[in-house]
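Okay, structure first, notes after.
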Amino acid sequence: MTPHRVAVLAVDQVVGLDLGTPAQVFSTARDAADAHFYTVDTCTPGGRPVRSTAGFRVLPDHGLDLLERADTVIVPGVHGDATIRPDVIPAEVTGALRAAYDRGARIMSICTGAFVLAAAGLLDGRRATTHWAYADRFRRLYPLVDLDPEVLFVADDRVLTSAGVAAGIDLCLHVVRTDHGSEVANQAARRCVMPPWRDGGQAQYIERPVPQAPDTSTATAREWARQRLHEPVSLRDLAGQARMSVRTFTRRFRAETGLSPAQWLLHERTDHARLLLESTDLTVEQIARRSGFGTTAALRQQLHLRIGVAPSVYRRTFRRTPESGRSGPAAQRA
């Protein structure tokens with residue numbers, strides 16, 4: 001098996017954490033024989049050192065010619081003039097990105113790396129995202145891009161973009177899942193000590209005035225619902241627990257969690273079902289009832305939507321054993 005070739009393109013003022021994310025995630029994606037599915041290399045214009053935002057310089061092993069043979073090209077986040085003036089992004093960079101895309105490579109960005117892709121014209125007419133704090137600036141510079149600043153990542157054909165910093169991990173895990181399935185992605189996530197899938201979007205992190213007083217929060221209603229996942233729970237029930245109207249409750253709930261009440265409840269029930277699959281001998285039918293899905297078909301459908309596997313497969317993969325107290329994949333060496 002020939003590993004999939006990933007090229008990380010760093011430009012001046014690259015974000016340090018973003019730079020290391022692809023190598024960390026993709027290097028943990030391995031087959032049953034512990035062979036790597038990906039190779040990851042870093043390049044810069046001319047192979048020259050570039051400054052990072054973390055107080056160190058990046059000394060790469062490759063120049064832009066690396067993009068000519070890469071299967072996937074990733075642009076990490078960037079600070080400084082690149083997010084203000086598109087003309088400061090070297091023409092050799094934008095040209096190399098367009099050439100890589102034209103020959104069929106997958107193109108990705110982490111955080112403000114979307115500014116570089118947009119400067120190359122690769123996001124025009126596409127849905128994309130970037131860090132929420134840069135959304136207004138991005139829209140002013142690139143009005144032809146359909147920007148969605150509330151999601152963690154966007155996959156638009158062969159062009160993929162992610163939100164700020166940690167969302168780059170979410171995007172890389174999504175790519176592993178797309179390329180090699182949920183089991184490989186879940187193993188990679190556990191080696192990175194990350195959840196295989198993070199619920200909600202970056203809307204829950206956007207700075208906005210959210211009432212914090214106990215009597216204006218939805219936290220009490222959420223805890224009440226967690227204790228009753230096996231029972232029918234309506235929106236009106238939740239609003240009543242918070243002593244709010246349904247309309248006010250729904251608005252504040254989304255502001256606090258980034259999800260609608262229905263989405264949040266579905267995710268809580270799925271997470272509870274996963275816990276029961278990992279830690280009990282209950283049948284799938286019993287787990288479906290205890291987690292509020294009612295039927296095995298409903299549980300199976302939701303678990304497949306969330307992590308791409310059936311309940312029985314999930315149990316075999318992550319069931320804790322008496323001997324080790326750990327799940328199968330998680331117990332493997334990283």
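Residue numbers start at 1 in each chain; chains themselves are named A, B, ... in the order of the structure tokens; ligands are numbered from 1 in the order shown.
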Within 8 Å of Ser162 in chain A using only C-alpha atoms, minus same-chain residues under 4 positions, as a PyMOL selection string: chain A and resi 109-111+114+128-131+152-154+167-168+171
Secondary structure check, alpha helix (DSSP H) residues of range 224-259 of chain A, as a PyMOL selection string: chain A and resi 224-226+235-241+246-257
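Candidate residues A:Asp124, A:Asp271, A:Glu231, A:Asp61 were compared for distance to Gly292 in chain A, and the nearest is A:Glu231, using only C-alpha atoms.
CA of Arg190 in chain A sits 24.5 Å away from CA of Val75 in chain A.
Closest approach to Arg5 in chain A among A:Val309, A:Val25, A:Cys43, A:Val73: A:Val73, based on only C-alpha atoms.
The residue set within 10 Å of Ile307 in chain A, counting only C-alpha atoms and dropping same-chain residues fewer than 6 places from it, reads A:Arg177, A:Gly181, A:Ser182, A:Glu183, A:Ala185, A:Asn186, A:Pro196, A:Trp197, A:Tyr314.
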Neighbour list for Ala273 in chain A as a ChimeraX atom specification, cut-off 8 Å, only C-alpha atoms, skip fewer than 4 positions in-chain: /A:269,277,287-288,290-291
Limited to C-alpha atoms, could you put the picked residues into a file as a short mmCIF file (atom, residue, chain, number, x, y, z; two decimals), in the first residue's frame?
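Result file is out25.cif:
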data_model
loop_
_atom_site.label_atom_id
_atom_site.label_comp_id
_atom_site.auth_asym_id
_atom_site.auth_seq_id
_atom_site.Cartn_x
_atom_site.Cartn_y
_atom_site.Cartn_z
CA ARG A 269 -29.33 10.18 24.17
CA LEU A 277 -22.82 -0.20 24.99
CA ILE A 287 -30.24 0.20 25.63
CA ALA A 288 -32.51 1.73 23.01
CA ARG A 290 -33.05 3.29 28.40
CA SER A 291 -31.55 5.99 26.22
#
Would you mind listing what lies within 9 Å of range 232-234 of chain A as a short mmCIF file (atom, residue, chain, number, x, y, z; two decimals) with C-alpha atoms, in the first residue's frame, with only C-alpha atoms counted and same-chain residues fewer than 6 positions away left out?
data_model
loop_
_atom_site.label_atom_id
_atom_site.label_comp_id
_atom_site.auth_asym_id
_atom_site.auth_seq_id
_atom_site.Cartn_x
_atom_site.Cartn_y
_atom_site.Cartn_z
CA ALA A 225 -33.44 16.28 30.97
CA ALA A 262 -33.99 18.80 19.89
CA LEU A 265 -31.40 15.95 23.39
CA GLY A 292 -34.93 7.18 24.98
#
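Counting only C-alpha atoms, Val50 in chain A has the following residues at most 12 Å away, ignoring those fewer than 6 positions along the same chain: Leu9, Ala10, Val11, Asp12, Gln13, Val14, Val15, Gly16, Leu19, Thr42, Cys43, Thr44, Phe56, Arg57, Val58, Leu59, Pro60, Gly63 and Val78 of chain A.
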Keeping N, CA and C atoms, export the residues of the selection given above as an mmCIF file, in the first residue's frame.
data_model
loop_
_atom_site.group_PDB
_atom_site.id
_atom_site.type_symbol
_atom_site.label_atom_id
_atom_site.label_comp_id
_atom_site.auth_asym_id
_atom_site.auth_seq_id
_atom_site.Cartn_x
_atom_site.Cartn_y
_atom_site.Cartn_z
ATOM 1 N N LEU A 9 1.438 23.337 3.708
ATOM 2 C CA LEU A 9 2.040 24.542 3.141
ATOM 3 C C LEU A 9 2.028 25.660 4.174
ATOM 4 N N ALA A 10 3.201 26.034 4.674
ATOM 5 C CA ALA A 10 3.321 27.093 5.678
ATOM 6 C C ALA A 10 3.766 28.392 5.011
ATOM 7 N N VAL A 11 3.071 29.472 5.316
ATOM 8 C CA VAL A 11 3.483 30.795 4.854
ATOM 9 C C VAL A 11 3.872 31.623 6.075
ATOM 10 N N ASP A 12 4.417 32.798 5.834
ATOM 11 C CA ASP A 12 4.914 33.617 6.929
ATOM 12 C C ASP A 12 3.820 33.916 7.951
ATOM 13 N N GLN A 13 4.173 33.892 9.226
ATOM 14 C CA GLN A 13 3.267 34.086 10.351
ATOM 15 C C GLN A 13 2.262 32.935 10.481
ATOM 16 N N VAL A 14 2.739 31.722 10.208
ATOM 17 C CA VAL A 14 1.899 30.539 10.343
ATOM 18 C C VAL A 14 1.586 30.302 11.817
ATOM 19 N N VAL A 15 0.377 29.815 12.094
ATOM 20 C CA VAL A 15 -0.032 29.516 13.465
ATOM 21 C C VAL A 15 0.604 28.198 13.900
ATOM 22 N N GLY A 16 1.356 28.242 14.991
ATOM 23 C CA GLY A 16 2.133 27.087 15.400
ATOM 24 C C GLY A 16 1.320 25.826 15.628
ATOM 25 N N LEU A 19 0.007 24.288 12.437
ATOM 26 C CA LEU A 19 1.069 23.672 11.645
ATOM 27 C C LEU A 19 1.288 22.218 12.032
ATOM 28 N N THR A 42 6.192 19.031 5.202
ATOM 29 C CA THR A 42 5.937 20.470 5.262
ATOM 30 C C THR A 42 6.778 21.189 4.227
ATOM 31 N N CYS A 43 6.183 22.207 3.613
ATOM 32 C CA CYS A 43 6.901 22.996 2.615
ATOM 33 C C CYS A 43 6.622 24.479 2.816
ATOM 34 N N THR A 44 7.475 25.307 2.253
ATOM 35 C CA THR A 44 7.308 26.759 2.249
ATOM 36 C C THR A 44 7.737 27.278 0.883
ATOM 37 N N PHE A 56 8.905 30.907 17.023
ATOM 38 C CA PHE A 56 9.969 30.107 16.419
ATOM 39 C C PHE A 56 9.855 30.180 14.906
ATOM 40 N N ARG A 57 10.920 29.819 14.236
ATOM 41 C CA ARG A 57 10.922 29.774 12.777
ATOM 42 C C ARG A 57 10.777 28.335 12.305
ATOM 43 N N VAL A 58 10.119 28.179 11.188
ATOM 44 C CA VAL A 58 9.900 26.861 10.596
ATOM 45 C C VAL A 58 10.949 26.633 9.523
ATOM 46 N N LEU A 59 11.742 25.583 9.684
ATOM 47 C CA LEU A 59 12.764 25.238 8.698
ATOM 48 C C LEU A 59 12.300 23.985 7.960
ATOM 49 N N PRO A 60 11.682 24.137 6.788
ATOM 50 C CA PRO A 60 11.063 22.989 6.103
ATOM 51 C C PRO A 60 12.073 22.153 5.331
ATOM 52 N N GLY A 63 10.324 22.689 -0.795
ATOM 53 C CA GLY A 63 9.768 23.892 -1.391
ATOM 54 C C GLY A 63 8.412 23.582 -1.985
ATOM 55 N N VAL A 78 -2.949 31.501 9.534
ATOM 56 C CA VAL A 78 -1.928 32.531 9.359
ATOM 57 C C VAL A 78 -2.423 33.813 9.999
#
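When only C-alpha atoms are used to compute distances to His230 in chain A, the closest of the residues A:Asp157, A:Glu268, A:Glu256, A:Glu150 turns out to be A:Glu268.
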Nearest to Pro149 in chain A, chosen from A:Asp81, A:Leu235, A:Thr112, A:Ala166, with only C-alpha atoms counted in the distances: A:Thr112
Taking the backbone alone, and naming residues the way the document does, which bits of range 23-103 of chain A are strand (DSSP E or B) by DSSP, as a short mmCIF file (atom, residue, chain, number, x, y, z; two decimals) with C-alpha atoms, in the first residue's frame?
data_model
loop_
_atom_site.label_atom_id
_atom_site.label_comp_id
_atom_site.auth_asym_id
_atom_site.auth_seq_id
_atom_site.Cartn_x
_atom_site.Cartn_y
_atom_site.Cartn_z
CA ARG A 30 -2.90 3.08 10.70
CA HIS A 36 0.61 4.29 8.19
CA TYR A 38 -0.55 8.80 5.28
CA THR A 39 2.80 10.53 5.02
CA VAL A 40 2.99 14.21 6.01
CA ASP A 41 5.64 16.70 4.88
CA THR A 42 5.94 20.47 5.26
CA CYS A 43 6.90 23.00 2.61
CA VAL A 50 9.12 31.25 7.75
CA ARG A 51 8.12 32.85 11.04
CA SER A 52 5.45 31.30 13.23
CA ARG A 57 10.92 29.77 12.78
CA VAL A 58 9.90 26.86 10.60
CA HIS A 62 10.67 21.05 0.93
CA THR A 72 -3.78 16.46 -0.22
CA VAL A 73 -2.53 20.00 0.43
CA ILE A 74 -3.25 21.69 3.78
CA VAL A 75 -2.77 25.40 4.55
CA VAL A 78 -1.93 32.53 9.36
#
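Residues surrounding range 82-95 of chain A within 8 Å are Pro45, Leu64, Val78, Ala99, Thr112, Phe115, Val116, Leu117, Ala119, Ala120, Arg137, Phe138 and Leu141 of chain A [only C-alpha atoms; sequence separation below 4 positions excluded].
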Residues as selected, N, CA and C atoms, written as a PDB file, in the first residue's frame, can you do that?
ATOM      1  N   PRO A  45       7.421  28.508   0.560  1.00  0.00           N
ATOM      2  CA  PRO A  45       7.897  29.079  -0.706  1.00  0.00           C
ATOM      3  C   PRO A  45       9.428  29.047  -0.762  1.00  0.00           C
ATOM      4  N   LEU A  64       7.887  24.520  -2.792  1.00  0.00           N
ATOM      5  CA  LEU A  64       6.539  24.361  -3.337  1.00  0.00           C
ATOM      6  C   LEU A  64       6.419  23.225  -4.343  1.00  0.00           C
ATOM      7  N   VAL A  78      -2.949  31.501   9.534  1.00  0.00           N
ATOM      8  CA  VAL A  78      -1.928  32.531   9.359  1.00  0.00           C
ATOM      9  C   VAL A  78      -2.423  33.813   9.999  1.00  0.00           C
ATOM     10  N   ALA A  99      -2.667  25.130  -9.166  1.00  0.00           N
ATOM     11  CA  ALA A  99      -2.150  24.036  -9.993  1.00  0.00           C
ATOM     12  C   ALA A  99      -2.411  22.688  -9.322  1.00  0.00           C
ATOM     13  N   THR A 112      -7.543  30.418   9.827  1.00  0.00           N
ATOM     14  CA  THR A 112      -7.388  31.533   8.880  1.00  0.00           C
ATOM     15  C   THR A 112      -6.595  31.146   7.639  1.00  0.00           C
ATOM     16  N   PHE A 115      -8.022  32.269   4.310  1.00  0.00           N
ATOM     17  CA  PHE A 115      -7.677  33.506   3.614  1.00  0.00           C
ATOM     18  C   PHE A 115      -6.729  33.223   2.457  1.00  0.00           C
ATOM     19  N   VAL A 116      -5.827  32.282   2.631  1.00  0.00           N
ATOM     20  CA  VAL A 116      -4.886  31.933   1.570  1.00  0.00           C
ATOM     21  C   VAL A 116      -5.607  31.221   0.427  1.00  0.00           C
ATOM     22  N   LEU A 117      -6.503  30.289   0.769  1.00  0.00           N
ATOM     23  CA  LEU A 117      -7.272  29.612  -0.279  1.00  0.00           C
ATOM     24  C   LEU A 117      -8.151  30.600  -1.038  1.00  0.00           C
ATOM     25  N   ALA A 119      -7.589  33.805  -1.450  1.00  0.00           N
ATOM     26  CA  ALA A 119      -6.725  34.640  -2.294  1.00  0.00           C
ATOM     27  C   ALA A 119      -6.345  33.916  -3.576  1.00  0.00           C
ATOM     28  N   ALA A 120      -6.299  32.581  -3.518  1.00  0.00           N
ATOM     29  CA  ALA A 120      -5.993  31.787  -4.713  1.00  0.00           C
ATOM     30  C   ALA A 120      -7.217  31.579  -5.591  1.00  0.00           C
ATOM     31  N   ARG A 137     -14.184  40.345   8.538  1.00  0.00           N
ATOM     32  CA  ARG A 137     -13.049  40.733   7.688  1.00  0.00           C
ATOM     33  C   ARG A 137     -12.999  39.871   6.439  1.00  0.00           C
ATOM     34  N   PHE A 138     -13.232  38.579   6.616  1.00  0.00           N
ATOM     35  CA  PHE A 138     -13.196  37.664   5.470  1.00  0.00           C
ATOM     36  C   PHE A 138     -14.265  38.039   4.451  1.00  0.00           C
ATOM     37  N   LEU A 141     -13.292  41.039   2.357  1.00  0.00           N
ATOM     38  CA  LEU A 141     -12.242  40.778   1.372  1.00  0.00           C
ATOM     39  C   LEU A 141     -12.695  39.832   0.264  1.00  0.00           C
TER      40      LEU A 141
END
